[in-house]
Every structure is written in C-alpha cells, then in structure tokens.
$ cat work_9.cif   # mmCIF, C-alpha atoms
data_structure
#
loop_
_atom_site.label_atom_id
_atom_site.label_comp_id
_atom_site.auth_asym_id
_atom_site.auth_seq_id
_atom_site.Cartn_x
_atom_site.Cartn_y
_atom_site.Cartn_z
CA MET E 6 0.00 0.00 0.00
CA ALA E 7 1.30 3.45 -0.90
CA GLU E 8 2.53 5.77 1.80
CA ARG E 9 0.17 8.50 2.92
CA TYR E 10 1.54 11.93 3.74
CA ILE E 11 -0.64 14.38 5.60
CA ALA E 12 -0.46 18.12 6.18
CA ARG E 13 -2.71 20.61 7.90
CA SER E 14 -4.62 22.91 5.58
CA LYS E 15 -4.07 26.62 5.87
CA ALA E 16 -7.81 27.21 5.55
CA ILE E 17 -8.48 26.21 9.11
CA ALA E 18 -8.48 27.75 12.55
CA ALA E 19 -7.19 25.59 15.40
CA ARG E 20 -6.46 25.95 19.04
CA MET E 21 -5.53 23.64 21.89
CA VAL E 22 -8.07 24.13 24.68
CA GLY E 23 -8.07 22.16 27.90
CA GLY E 24 -5.96 19.39 26.41
CA GLU E 25 -8.17 19.04 23.34
CA MET E 26 -7.39 20.33 19.90
CA MET E 27 -10.29 22.26 18.43
CA VAL E 28 -10.27 22.63 14.67
CA MET E 29 -12.65 24.53 12.45
CA SER E 30 -12.73 24.68 8.69
CA ALA E 31 -12.61 28.28 7.51
CA VAL E 32 -14.29 27.16 4.30
CA ASP E 33 -17.46 25.43 5.51
CA SER E 34 -17.22 26.09 9.28
CA THR E 35 -17.31 22.40 10.18
CA PHE E 36 -15.96 21.95 13.64
CA PHE E 37 -13.99 19.10 15.18
CA THR E 38 -12.75 18.42 18.68
CA LEU E 39 -9.83 16.03 18.52
CA ASN E 40 -9.09 13.57 21.29
CA GLU E 41 -5.54 12.98 22.49
CA VAL E 42 -4.69 10.39 19.84
CA ALA E 43 -6.15 12.48 17.03
CA SER E 44 -4.37 15.57 18.39
CA THR E 45 -1.07 13.68 18.27
CA ILE E 46 -1.60 12.81 14.61
CA TRP E 47 -2.73 16.36 13.89
CA GLN E 48 0.37 17.89 15.42
CA ALA E 49 2.64 15.48 13.58
CA ALA E 50 1.00 16.22 10.21
CA ASP E 51 3.98 18.05 8.73
CA GLY E 52 3.57 16.86 5.15
CA ARG E 53 6.90 15.01 5.28
CA THR E 54 6.38 12.18 7.76
CA PRO E 55 4.37 9.23 6.40
CA LEU E 56 1.20 8.48 8.33
CA ALA E 57 2.41 4.95 9.08
CA GLU E 58 5.51 6.44 10.70
CA ILE E 59 3.42 8.84 12.76
CA VAL E 60 1.29 5.96 13.99
CA ALA E 61 4.29 3.75 14.80
CA GLY E 62 6.56 6.46 16.15
CA LYS E 63 4.08 8.66 17.98
CA VAL E 64 0.69 7.07 18.54
CA CYS E 65 1.89 3.59 19.49
CA GLN E 66 4.68 5.03 21.64
CA GLU E 67 2.49 7.45 23.56
CA PHE E 68 -0.68 5.40 23.88
CA ASP E 69 -1.37 1.83 24.83
CA VAL E 70 -2.86 0.76 21.51
CA ASP E 71 -2.56 -2.16 19.13
CA PRO E 72 -0.58 -1.03 16.01
CA GLU E 73 -3.06 -2.45 13.48
CA ARG E 74 -6.00 -0.93 15.28
CA ALA E 75 -4.16 2.37 15.58
CA GLN E 76 -3.44 2.41 11.85
CA ARG E 77 -7.08 1.70 10.98
CA GLY E 78 -8.23 4.46 13.32
CA ALA E 79 -5.67 6.87 11.89
CA ASN E 80 -6.81 6.14 8.34
CA ARG E 81 -10.44 6.78 9.26
CA PHE E 82 -9.49 10.03 11.01
CA VAL E 83 -7.44 11.23 8.05
CA ASP E 84 -10.19 10.28 5.58
CA GLU E 85 -12.80 12.21 7.52
CA LEU E 86 -10.77 15.37 7.98
CA SER E 87 -9.55 15.32 4.40
CA GLN E 88 -13.17 15.20 3.18
CA HIS E 89 -13.64 18.60 4.80
CA GLY E 90 -10.37 19.94 3.43
CA ILE E 91 -8.92 20.20 6.91
CA LEU E 92 -6.12 17.72 6.25
CA LEU E 93 -4.32 17.46 2.92
CA VAL E 94 -3.40 13.93 1.88
CA SER E 95 -0.99 12.74 -0.78
CA ASP E 96 1.04 9.67 -1.68
CA GLN E 97 4.01 12.03 -2.09
CA PRO E 98 5.55 14.31 0.55
CA LEU E 99 3.73 17.62 0.68
CA ILE E 100 6.97 19.56 0.57
CA ASP E 101 5.53 23.00 -0.02
CA SER E 102 3.03 22.75 2.74
CA SER E 103 3.93 24.72 5.78
CA PRO E 104 1.29 23.92 8.35
CA SER E 105 -0.37 26.90 9.93
CA PRO E 106 0.80 27.50 13.46
CA GLU E 107 -1.54 26.71 16.32
CA ARG E 108 -1.94 29.01 19.20
CA PRO E 109 -1.67 27.31 22.56
CA MET Q 24 -30.94 81.72 4.33
CA THR Q 25 -29.92 78.12 3.98
CA THR Q 26 -28.88 75.71 6.69
CA ALA Q 27 -26.44 72.95 5.90
CA PHE Q 28 -26.89 69.45 7.34
CA PRO Q 29 -23.61 67.94 6.26
CA THR Q 30 -24.01 64.34 7.40
CA ILE Q 31 -27.57 63.06 7.24
CA ALA Q 32 -30.26 64.30 4.94
CA ARG Q 33 -33.69 64.91 6.38
CA GLU Q 34 -35.11 61.61 5.19
CA ALA Q 35 -32.50 59.45 6.92
CA VAL Q 36 -33.06 57.53 10.13
CA SER Q 37 -30.01 56.70 12.20
CA ILE Q 38 -30.23 53.39 14.07
CA GLU Q 39 -27.70 53.05 16.90
CA ILE Q 40 -26.99 49.56 18.17
CA GLY Q 41 -23.97 48.75 20.32
CA GLY Q 42 -22.76 52.32 19.92
CA MET Q 43 -22.59 52.02 16.13
CA ALA Q 44 -24.93 54.23 14.15
CA ILE Q 45 -26.20 53.18 10.75
CA ALA Q 46 -28.08 55.76 8.72
CA LEU Q 47 -30.94 54.43 6.61
CA ARG Q 48 -32.10 56.80 3.91
CA THR Q 49 -35.41 56.32 2.20
CA GLN Q 50 -37.56 58.57 0.05
CA ASP Q 51 -40.72 56.84 1.22
CA PRO Q 52 -42.32 58.60 4.24
CA SER Q 53 -44.33 55.54 5.30
CA PHE Q 54 -41.25 53.33 5.31
CA HIS Q 55 -39.40 56.05 7.20
CA ARG Q 56 -42.12 55.90 9.88
CA LEU Q 57 -42.07 52.11 9.87
CA ILE Q 58 -38.32 52.13 10.63
CA GLU Q 59 -38.69 54.74 13.36
CA ASN Q 60 -41.46 52.75 15.03
CA ARG Q 61 -39.73 49.41 14.76
CA TYR Q 62 -36.48 50.68 16.25
CA THR Q 63 -37.98 52.85 18.96
CA GLY Q 64 -35.31 53.48 21.57
CA PHE Q 65 -32.53 52.89 19.05
CA VAL Q 66 -33.17 55.87 16.78
CA GLY Q 67 -30.06 57.98 17.14
CA THR Q 68 -29.84 61.67 17.74
CA SER Q 69 -26.22 62.03 16.68
CA PRO Q 70 -25.80 63.45 13.18
CA ASP Q 71 -22.74 61.27 12.60
CA SER Q 72 -23.34 57.73 11.41
CA HIS Q 73 -20.65 55.13 10.91
CA LEU Q 74 -22.38 53.65 7.88
CA LYS Q 75 -24.94 54.96 5.45
CA PHE Q 76 -27.42 52.95 3.39
CA ASP Q 77 -29.81 54.14 0.71
CA ILE Q 78 -32.97 52.06 0.56
CA ASP Q 79 -34.76 51.49 -2.74
CA LEU Q 80 -38.20 50.03 -2.25
CA ARG Q 81 -39.57 47.60 -4.80
CA GLU Q 82 -42.71 45.54 -5.22
CA PRO Q 83 -42.76 42.29 -3.21
CA SER Q 84 -41.56 39.38 -5.33
CA GLU Q 85 -42.40 35.70 -5.38
CA SER Q 86 -39.25 35.00 -3.42
CA SER Q 87 -39.54 34.76 0.33
CA VAL Q 88 -37.49 35.24 3.46
CA ASP Q 89 -36.98 31.46 3.47
CA ASP Q 90 -34.73 31.65 0.43
CA ASP Q 91 -31.09 30.98 1.20
CA LEU Q 92 -29.14 33.90 2.50
CA GLU Q 93 -25.89 34.66 0.73
CA VAL Q 94 -23.21 36.99 2.06
CA LYS Q 95 -20.00 37.37 0.13
CA MET Q 96 -17.25 39.86 -0.65
CA GLU Q 97 -16.92 40.72 -4.34
CA HIS Q 98 -14.66 43.41 -5.80
CA GLY Q 99 -14.22 45.09 -2.45
CA GLU Q 100 -17.94 45.16 -1.66
CA TRP Q 101 -20.04 43.01 0.58
CA LEU Q 102 -23.03 41.58 -1.25
CA LEU Q 103 -25.99 40.43 0.82
CA LYS Q 104 -28.78 38.54 -0.87
CA ARG Q 105 -31.97 36.82 0.22
CA GLY Q 106 -35.34 36.30 -1.42
CA ASP Q 107 -36.76 39.54 -0.05
CA PHE Q 108 -33.73 41.83 -0.42
CA ARG Q 109 -30.43 42.56 -2.11
CA ALA Q 110 -27.88 44.82 -0.54
CA SER Q 111 -24.35 45.95 -1.13
CA TRP Q 112 -21.96 47.68 1.19
CA ASN Q 113 -18.52 49.08 0.57
CA PRO Q 114 -16.42 49.00 3.77
CA GLU Q 115 -14.00 51.55 2.28
CA THR Q 116 -16.60 54.23 1.70
CA SER Q 117 -18.92 53.06 4.51
CA ARG Q 118 -21.81 53.38 2.10
CA GLY Q 119 -24.29 50.87 0.84
CA ARG Q 120 -27.59 50.29 -0.88
CA ILE Q 121 -30.53 48.06 0.00
CA ARG Q 122 -33.19 47.02 -2.47
CA GLN Q 123 -36.17 45.51 -0.71
CA SER Q 124 -39.92 45.48 -0.46
CA CYS Q 125 -41.66 47.56 2.18
CA ASN Q 126 -41.28 45.17 5.10
CA PRO Q 127 -39.25 45.35 8.31
CA TYR Q 128 -37.76 41.86 8.17
CA ALA Q 129 -35.31 42.59 5.38
CA ILE Q 130 -33.88 45.65 7.10
CA ASP Q 131 -33.63 43.68 10.35
CA CYS Q 132 -31.59 41.03 8.59
CA VAL Q 133 -29.33 43.55 6.86
CA LEU Q 134 -28.60 45.30 10.16
CA ARG Q 135 -27.73 42.02 11.86
CA ILE Q 136 -25.39 41.01 9.04
CA VAL Q 137 -23.64 44.36 8.87
CA HIS Q 138 -23.14 44.47 12.62
CA SER Q 139 -21.82 40.89 12.65
CA LEU Q 140 -19.30 41.73 9.90
CA VAL Q 141 -18.09 44.84 11.70
CA LEU Q 142 -17.92 43.10 15.08
CA ALA Q 143 -15.96 40.16 13.64
CA ARG Q 144 -12.96 42.44 13.10
CA GLN Q 145 -13.26 43.90 16.58
CA GLY Q 146 -13.41 40.65 18.58
CA GLY Q 147 -17.14 40.93 19.27
CA PHE Q 148 -20.17 39.13 17.91
CA LEU Q 149 -23.93 38.73 17.84
CA VAL Q 150 -25.15 35.59 19.53
CA HIS Q 151 -28.47 33.78 19.89
CA ALA Q 152 -29.03 34.68 23.52
CA ALA Q 153 -31.26 36.64 25.82
CA SER Q 154 -29.45 39.18 27.96
CA ALA Q 155 -30.20 41.39 30.90
CA ILE Q 156 -28.49 43.79 33.28
CA ARG Q 157 -28.90 43.41 37.01
CA GLY Q 158 -26.88 45.18 39.69
CA GLY Q 159 -24.71 46.83 37.04
CA LYS Q 160 -23.67 43.47 35.57
CA ALA Q 161 -24.82 41.88 32.35
CA PHE Q 162 -25.76 38.21 31.97
CA LEU Q 163 -26.32 36.27 28.78
CA PHE Q 164 -28.57 33.24 28.39
CA SER Q 165 -27.82 31.33 25.26
CA GLY Q 166 -29.51 28.47 23.53
CA VAL Q 167 -31.20 27.30 20.40
CA SER Q 168 -34.87 27.90 19.76
CA GLY Q 169 -36.89 26.40 22.61
CA ALA Q 170 -34.02 26.37 25.10
CA GLY Q 171 -35.68 29.03 27.25
CA LYS Q 172 -34.42 32.45 26.15
CA THR Q 173 -37.89 33.98 26.13
CA THR Q 174 -38.86 32.14 29.33
CA ILE Q 175 -35.87 33.41 31.29
CA SER Q 176 -36.59 36.91 29.96
CA ARG Q 177 -40.22 36.74 31.09
CA LEU Q 178 -39.11 35.60 34.55
CA ALA Q 179 -36.67 38.50 34.99
CA PRO Q 180 -37.29 40.43 38.22
CA PRO Q 181 -38.38 44.08 38.12
CA ASP Q 182 -34.88 45.34 38.91
CA ALA Q 183 -33.42 43.62 35.83
CA THR Q 184 -33.15 45.51 32.54
CA LEU Q 185 -33.84 43.33 29.53
CA LEU Q 186 -31.39 43.88 26.66
CA THR Q 187 -32.99 41.34 24.32
CA ASP Q 188 -34.81 38.01 24.46
CA GLU Q 189 -33.33 36.77 21.20
CA ILE Q 190 -30.09 38.23 19.82
CA SER Q 191 -27.44 39.65 22.10
CA TYR Q 192 -24.73 42.07 21.12
CA LEU Q 193 -21.24 41.69 22.57
CA ARG Q 194 -18.55 44.28 22.05
CA ARG Q 195 -14.99 43.71 23.16
CA GLU Q 196 -13.21 46.33 25.22
CA GLY Q 197 -9.72 45.24 26.20
CA ASN Q 198 -10.06 42.11 28.30
CA ARG Q 199 -13.75 42.46 28.94
CA TYR Q 200 -16.96 42.31 26.99
CA ILE Q 201 -19.80 44.78 26.99
CA ALA Q 202 -23.32 43.48 26.45
CA CYS Q 203 -25.50 45.96 24.58
CA GLY Q 204 -29.24 46.08 24.07
CA THR Q 205 -30.67 45.23 20.66
CA PRO Q 206 -33.99 45.85 18.94
CA PHE Q 207 -33.99 42.24 17.69
CA ALA Q 208 -36.85 40.63 19.58
CA GLY Q 209 -37.94 37.01 19.77
CA GLU Q 210 -41.21 35.57 21.00
CA LEU Q 211 -41.45 38.26 23.66
CA ALA Q 212 -41.98 40.74 20.81
CA ARG Q 213 -40.47 43.47 22.93
CA VAL Q 214 -37.54 45.62 21.84
CA GLY Q 215 -34.66 45.54 24.33
CA GLU Q 216 -33.45 48.52 26.28
CA ASN Q 217 -30.77 50.54 24.56
CA CYS Q 218 -28.16 50.37 27.30
CA SER Q 219 -25.07 48.33 28.12
CA ALA Q 220 -23.00 46.85 30.94
CA PRO Q 221 -19.89 44.71 31.39
CA LEU Q 222 -20.63 41.03 30.90
CA SER Q 223 -20.40 38.99 34.09
CA ALA Q 224 -21.37 35.48 32.97
CA PHE Q 225 -22.58 33.54 29.97
CA PHE Q 226 -25.11 30.81 30.66
CA LEU Q 227 -26.00 27.90 28.41
CA LEU Q 228 -29.70 27.30 29.02
CA GLU Q 229 -31.17 23.91 29.72
CA LYS Q 230 -34.60 23.18 31.14
CA GLY Q 231 -34.58 20.76 34.07
CA LEU Q 232 -36.27 19.74 37.29
CA GLN Q 233 -34.41 22.09 39.60
CA ASN Q 234 -32.42 25.28 39.41
CA ARG Q 235 -28.68 24.80 39.38
CA ILE Q 236 -25.53 26.09 37.77
CA GLU Q 237 -23.01 23.58 36.45
CA PRO Q 238 -19.47 24.01 35.18
CA VAL Q 239 -18.86 23.57 31.46
CA GLY Q 240 -15.57 22.33 30.04
CA PRO Q 241 -13.69 24.75 27.78
CA SER Q 242 -14.10 22.78 24.58
CA GLU Q 243 -17.83 22.31 25.10
CA ALA Q 244 -18.14 25.99 25.96
CA ILE Q 245 -16.45 27.04 22.73
CA GLN Q 246 -18.38 24.54 20.66
CA ARG Q 247 -21.74 25.67 22.09
CA LEU Q 248 -20.76 29.30 21.72
CA LEU Q 249 -19.78 28.87 18.09
CA ARG Q 250 -23.05 27.11 17.40
CA ASN Q 251 -24.94 30.16 18.63
CA ILE Q 252 -22.87 32.97 17.16
CA LEU Q 253 -24.58 34.65 14.23
CA PHE Q 254 -22.25 34.69 11.31
CA PHE Q 255 -23.34 34.65 7.72
CA ALA Q 256 -20.38 35.36 5.47
CA HIS Q 257 -18.61 32.78 3.36
CA ASP Q 258 -15.28 34.36 4.10
CA PRO Q 259 -12.44 32.16 5.38
CA GLU Q 260 -10.54 35.04 6.95
CA LEU Q 261 -13.53 36.21 8.97
CA VAL Q 262 -14.45 32.65 9.96
CA LYS Q 263 -10.97 32.31 11.45
CA LEU Q 264 -11.41 35.59 13.32
CA VAL Q 265 -14.75 34.47 14.74
CA PHE Q 266 -13.19 31.19 15.88
CA GLN Q 267 -10.37 33.05 17.62
CA SER Q 268 -12.87 35.45 19.19
CA ALA Q 269 -14.92 32.54 20.56
CA CYS Q 270 -11.77 30.97 22.07
CA GLU Q 271 -10.73 34.25 23.65
CA PHE Q 272 -14.22 34.89 24.94
CA ALA Q 273 -14.25 31.47 26.63
CA SER Q 274 -10.94 32.24 28.30
CA LEU Q 275 -12.12 35.60 29.67
CA VAL Q 276 -15.77 35.08 30.57
CA PRO Q 277 -17.22 32.39 32.87
CA ILE Q 278 -19.38 30.07 30.78
CA ARG Q 279 -21.77 27.91 32.83
CA ARG Q 280 -24.75 25.67 32.24
CA LEU Q 281 -27.93 27.03 33.80
CA VAL Q 282 -30.40 24.21 34.40
CA PHE Q 283 -33.69 25.74 35.38
CA VAL Q 284 -37.36 25.23 36.02
CA PRO Q 285 -39.60 27.91 34.59
CA ASP Q 286 -40.24 29.90 37.73
CA HIS Q 287 -38.93 33.21 38.99
CA ARG Q 288 -36.65 31.63 41.65
CA VAL Q 289 -34.10 30.84 38.96
CA TRP Q 290 -33.03 34.47 39.13
CA ASP Q 291 -31.96 33.97 42.78
CA ILE Q 292 -28.93 31.97 41.64
CA ILE Q 293 -27.88 34.30 38.82
CA ARG Q 294 -25.02 36.43 40.00
#
$ encode --input "work_9.cif" --output "structure tokens"
Amino acid sequence: MAERYIARSKAIAARMVGGEMMVMSAVDSTFFTLNEVASTIWQAADGRTPLAEIVAGKVCQEFDVDPERAQRGANRFVDELSQHGILLVSDQPLIDSSPSPERP
Amino acid sequence: MTTAFPTIAREAVSIEIGGMAIALRTQDPSFHRLIENRYTGFVGTSPDSHLKFDIDLREPSESSVDDDLEVKMEHGEWLLKRGDFRASWNPETSRGRIRQSCNPYAIDCVLRIVHSLVLARQGGFLVHAASAIRGGKAFLFSGVSGAGKTTISRLAPPDATLLTDEISYLRREGNRYIACGTPFAGELARVGENCSAPLSAFFLLEKGLQNRIEPVGPSEAIQRLLRNILFFAHDPELVKLVFQSACEFASLVPIRRLVFVPDHRVWDIIR
C-alpha cells in the first residue's frame, strides 16, 4: 500500500483548549474536537512524515494501543478530515506545505 | 438663508446599536415611519453615522425570506442577498444600498449582518441569547430555539433591565466584553433597552427539574458558543477571526450551564 503523507490545511483555525485540539474549517465552518490520539496525529501532520511512521513512532509510543487498530483508526481520522479539506493527503511528501501555526 | 446638514439628509433615520450608528435613507415617508417605530429606543440623535445605506423600495416578489441567505465579498464590496432583499456595502466608503420590499424583516436582517461583519474584526459578535443587566452586571442566556431564552426573559425580576430576548450584542473592550441592548426581539416581541453593561457570565440554558448552575468544560463551551454565534459570510478570513474570538471569549468570561425550572426563583442563583 502506498505511503500517505498528511499536512494541515491553511484554511483552518485551530487551538488547543483544555488538552483538546479544536479545529474549524474556515471554508465550511465544520468543527472538530480532537481527542488525544487524534491531536497527536494532527500535530505530527507536517507533510513530510508518512502516516504509518506517525502511527508507529508517535501514537503507538504514547498510547497503549494495538498497532493495526491504531493504523485503521488513523486512516479513518485522516479520511474524515480530508473530506472537509482540513487535512491534505498525498502519496508524495507535501513539501511545499507549511502547516499553519496553532496558538496554545 | 440656507442651513447645511452635512451628514444626514432629512429623510435618513439613524439606528444606533452597540454604539454604532447606521443611517438608513429612504424617500418613502411611510417606510421612514415604519423604521422609526420598529427601532424605537434605538433611533439615534447624533448626526454622525458610521455607515450609510440608501434604501430602494420595490414591489414584493415571489421570493420569500426562506430563500437561502448569501453573504460574500466581491470586488471590495459586501453583497448580501436573500429572497426579499439585495444589498451591497462598501467597507472603504462606509456606504451601501438596499433594495427591498416595504417590510421590516429585510432591514432587520441587513442590520444584523452588517453588525456581525463589523464586530468580527473587533473581537465581538452577535449571539443567539437573551441578555439582561442586574446590579450593574450583564448576563447572557444562550440556547437554540426552545431552550428558554424567552422564558428566562419573562421571569426576569423588576430590577433587571432586559437587553434582548433573542439576539445579544457583545462588544470587546480590552479584556472584557460589553453586552448591549438590541432591537432584535424574539417571542417576547419586545424591543430591548438601549443600554449596556460589562458582561459577568454567559449561561447555556437547559430546562430541568431544579435550578442549578453547572461548570462547562472549555471545549464544550467554545463549541456551544460557536453554534450560537450569528455569522453569515462565506469568508475564510472572517471565519478564522470568529473562531479566535470565541476561544478568547471562553478564556475571559465564565461560561456555565444554567439548568432551570420555569419559575422566577431561577433568578436567585444568577449572579
């Protein structure tokens, strides 16, 4: 299966509040509250690190979760956010993407 | 001898909400009276208005107020469109034009949109909420239709000043928010008082079996707040600003859940 690279869209507003990442699409105003695992993936979405590496190196290291299950969950999460244009997904590194900064 | 009135012609009505005056100019005397009556208490005396709109009246069309509202920026002008009106507004010149039939609902909607666009750049917003001043402090009661905005307004004690039972106006001043009265009434069908006070608390309304105030987590507070903020424009930059404003509001103002039974004792716990 091809690698998946993910990057945060610039057309979003995001802020970490009370340990949860809140993300809103600036295009259609859809709103997401990310749990800890999703927030970890979100913060690691730099366009250069493959999703599988994020799951193995971050999610499975920081949370007590089965790798296969974590990968399935990560794929679902990425699919959902990409449908709203909140995450950009490619099978190539998203070199030009410079994720928008998040205010703490 | 001639007397010059440099800012507002005789046929204009200036409507002041939240300290911002919008002059509405119409050639039609009956519509002029309709506006004055509808916005009683908010008709300004100052000759200086921040924004000026010319109103062209037209025959009612087949379209209705239920048609989708569209608000967008095009060539430096805001365009506002619904079944019963079309309006444009140039933020550079502070002038605009409204084309509508002779009804008060269109002008109500235009005023709400224009205020929401202006407030978005100032850290404030309009929100679906009743609000009142008591003891020099303002309180907001937010919720969707049926949550109890009109009920809590009806139950307000005599020493409370009702700002609105439907759409509240919040202006940011440094690290605090000022709640201002609005003429936008809900089921109570009563225009709010044109006064203001610093906001003390923001309550999310919920009907229950007893009166109590519960804490609300920050993410829920922001999510609920965003759900109730009035914002109409398809403009990514402004959407981001509104999001940031909601986050900052939640960090500066106590947001609580007010579970209440519909009786006047609920006001005993509002402080």
$ resolve_selection --input "work_9.cif" --expression "the PyMOL selection byres ((chain E) within 8 of (chain Q))" --output "JSON list (two decimals) with C-alpha atoms, in the coordinates of the input"
[["chain", "number", "residue", "atom", "x", "y", "z"],
["E", 16, "ALA", "CA", -7.81, 27.21, 5.55],
["E", 17, "ILE", "CA", -8.48, 26.21, 9.11],
["E", 18, "ALA", "CA", -8.48, 27.75, 12.55],
["E", 20, "ARG", "CA", -6.46, 25.95, 19.04],
["E", 22, "VAL", "CA", -8.07, 24.13, 24.68],
["E", 23, "GLY", "CA", -8.07, 22.16, 27.90],
["E", 25, "GLU", "CA", -8.17, 19.04, 23.34],
["E", 27, "MET", "CA", -10.29, 22.26, 18.43],
["E", 29, "MET", "CA", -12.65, 24.53, 12.45],
["E", 31, "ALA", "CA", -12.61, 28.28, 7.51],
["E", 32, "VAL", "CA", -14.29, 27.16, 4.30],
["E", 33, "ASP", "CA", -17.46, 25.43, 5.51],
["E", 34, "SER", "CA", -17.22, 26.09, 9.28],
["E", 36, "PHE", "CA", -15.96, 21.95, 13.64],
["E", 38, "THR", "CA", -12.75, 18.42, 18.68]]
$ resolve_selection --input "work_9.cif" --expression "the PyMOL selection byres ((chain Q and resi 127) around 12)" --output "VMD selection string"
chain Q and resid 53 to 62 80 88 107 to 108 123 to 126 128 to 134 206 to 207
$ atom_distance --input "work_9.cif" --atom1 "atom CA of Gly159 of chain Q" --atom2 "atom CA of Gly171 of chain Q"
23.1 Å
$ residues_around --input "work_9.cif" --residues "Arg118 of chain Q" --least-positions-apart "2" --cutoff "10 Å" --atoms "only C-alpha atoms" --output "list of chain:residue names"
Q:Ile45, Q:Ala46, Q:His73, Q:Leu74, Q:Lys75, Q:Phe76, Q:Asp77, Q:Glu100, Q:Ser111, Q:Trp112, Q:Asn113, Q:Pro114, Q:Glu115, Q:Thr116, Q:Arg120
$ write_last_selection --input "work_9.cif" --atoms "C-alpha atoms" --output "mmCIF file, in the frame of the given file"
data_model
loop_
_atom_site.group_PDB
_atom_site.id
_atom_site.type_symbol
_atom_site.label_atom_id
_atom_site.label_comp_id
_atom_site.auth_asym_id
_atom_site.auth_seq_id
_atom_site.Cartn_x
_atom_site.Cartn_y
_atom_site.Cartn_z
ATOM 1 C CA ILE Q 45 -26.200 53.180 10.750
ATOM 2 C CA ALA Q 46 -28.080 55.760 8.720
ATOM 3 C CA HIS Q 73 -20.650 55.130 10.910
ATOM 4 C CA LEU Q 74 -22.380 53.650 7.880
ATOM 5 C CA LYS Q 75 -24.940 54.960 5.450
ATOM 6 C CA PHE Q 76 -27.420 52.950 3.390
ATOM 7 C CA ASP Q 77 -29.810 54.140 0.710
ATOM 8 C CA GLU Q 100 -17.940 45.160 -1.660
ATOM 9 C CA SER Q 111 -24.350 45.950 -1.130
ATOM 10 C CA TRP Q 112 -21.960 47.680 1.190
ATOM 11 C CA ASN Q 113 -18.520 49.080 0.570
ATOM 12 C CA PRO Q 114 -16.420 49.000 3.770
ATOM 13 C CA GLU Q 115 -14.000 51.550 2.280
ATOM 14 C CA THR Q 116 -16.600 54.230 1.700
ATOM 15 C CA ARG Q 120 -27.590 50.290 -0.880
#
$ closest_residue --input "work_9.cif" --among "E:Arg9, E:Gln48, E:Met26, E:Gly90" --to "Gln76 of chain E" --atoms "all atoms listed in the file"
E:Arg9
$ closest_residue --input "work_9.cif" --among "Q:Ile252, Q:Arg294, Q:Leu92, Q:Thr173" --to "Tyr192 of chain Q" --atoms "all atoms listed in the file"
Q:Ile252
$ atom_distance --input "work_9.cif" --atom1 "atom CA of Thr49 of chain Q" --atom2 "atom CA of Glu34 of chain Q"
6.1 Å
$ atom_distance --input "work_9.cif" --atom1 "atom CA of Arg280 of chain Q" --atom2 "atom CA of Ile293 of chain Q"
11.3 Å
$ resolve_selection --input "work_9.cif" --expression "the PyMOL selection byres ((chain Q and resi 150) around 6)" --output "list in words"
Leu149, His151, Ala152, Ile190, Ser191, Asn251, Ile252 and Leu253 of chain Q
$ residues_around --input "work_9.cif" --residues "Asn80 of chain E" --least-positions-apart "6" --cutoff "10 Å" --atoms "only C-alpha atoms" --output "list in words"
Arg9, Leu56, Ala57, Val60 and Arg74 of chain E
$ axis_aligned_box --input "work_9.cif" --around "segment 43-48 of chain E" --padding-each-side "6 Å" --output "JSON"
{"center_x": -2.9, "center_y": 15.2, "center_z": 16.1, "size_x": 18.5, "size_y": 17.4, "size_z": 16.5}
$ residues_near_point --input "work_9.cif" --point "(-16.9, 41.4, 29.8)" --cutoff "7 Å" --atoms "all atoms listed in the file" --output "ChimeraX atom specification"
/Q:199-201,221-223,276
$ residues_around --input "work_9.cif" --residues "Arg81 of chain E" --least-positions-apart "6" --cutoff "12 Å" --atoms "only C-alpha atoms" --output "PDB file with C-alpha atoms, in the frame of the given file"
ATOM      1  CA  ALA E  43      -6.150  12.480  17.030  1.00  0.00           C
ATOM      2  CA  ILE E  46      -1.600  12.810  14.610  1.00  0.00           C
ATOM      3  CA  LEU E  56       1.200   8.480   8.330  1.00  0.00           C
ATOM      4  CA  ARG E  74      -6.000  -0.930  15.280  1.00  0.00           C
ATOM      5  CA  ALA E  75      -4.160   2.370  15.580  1.00  0.00           C
ATOM      6  CA  SER E  87      -9.550  15.320   4.400  1.00  0.00           C
ATOM      7  CA  GLN E  88     -13.170  15.200   3.180  1.00  0.00           C
TER       8      GLN E  88
END
$ closest_residue --input "work_9.cif" --among "Q:Arg122, Q:His98, Q:Arg288, Q:His138" --to "Leu193 of chain Q" --atoms "all atoms listed in the file"
Q:His138
$ residues_around --input "work_9.cif" --residues "Gly209 of chain Q" --least-positions-apart "4" --cutoff "9 Å" --atoms "all atoms listed in the file" --output "tab-separated table (two decimals) with C-alpha atoms, in the frame of the given file"
chain	number	residue	atom	x	y	z
Q	172	LYS	CA	-34.42	32.45	26.15
Q	173	THR	CA	-37.89	33.98	26.13
Q	187	THR	CA	-32.99	41.34	24.32
Q	188	ASP	CA	-34.81	38.01	24.46
Q	189	GLU	CA	-33.33	36.77	21.20
Q	190	ILE	CA	-30.09	38.23	19.82
Q	213	ARG	CA	-40.47	43.47	22.93
Q	214	VAL	CA	-37.54	45.62	21.84
$ closest_residue --input "work_9.cif" --among "Q:Ala269, Q:Ala256, Q:Ala153, Q:Val141" --to "Leu102 of chain Q" --atoms "all atoms listed in the file"
Q:Ala256
$ closest_residue --input "work_9.cif" --among "Q:Leu211, Q:Thr205, Q:Ser37, Q:Pro277" --to "Leu178 of chain Q" --atoms "only C-alpha atoms"
Q:Leu211
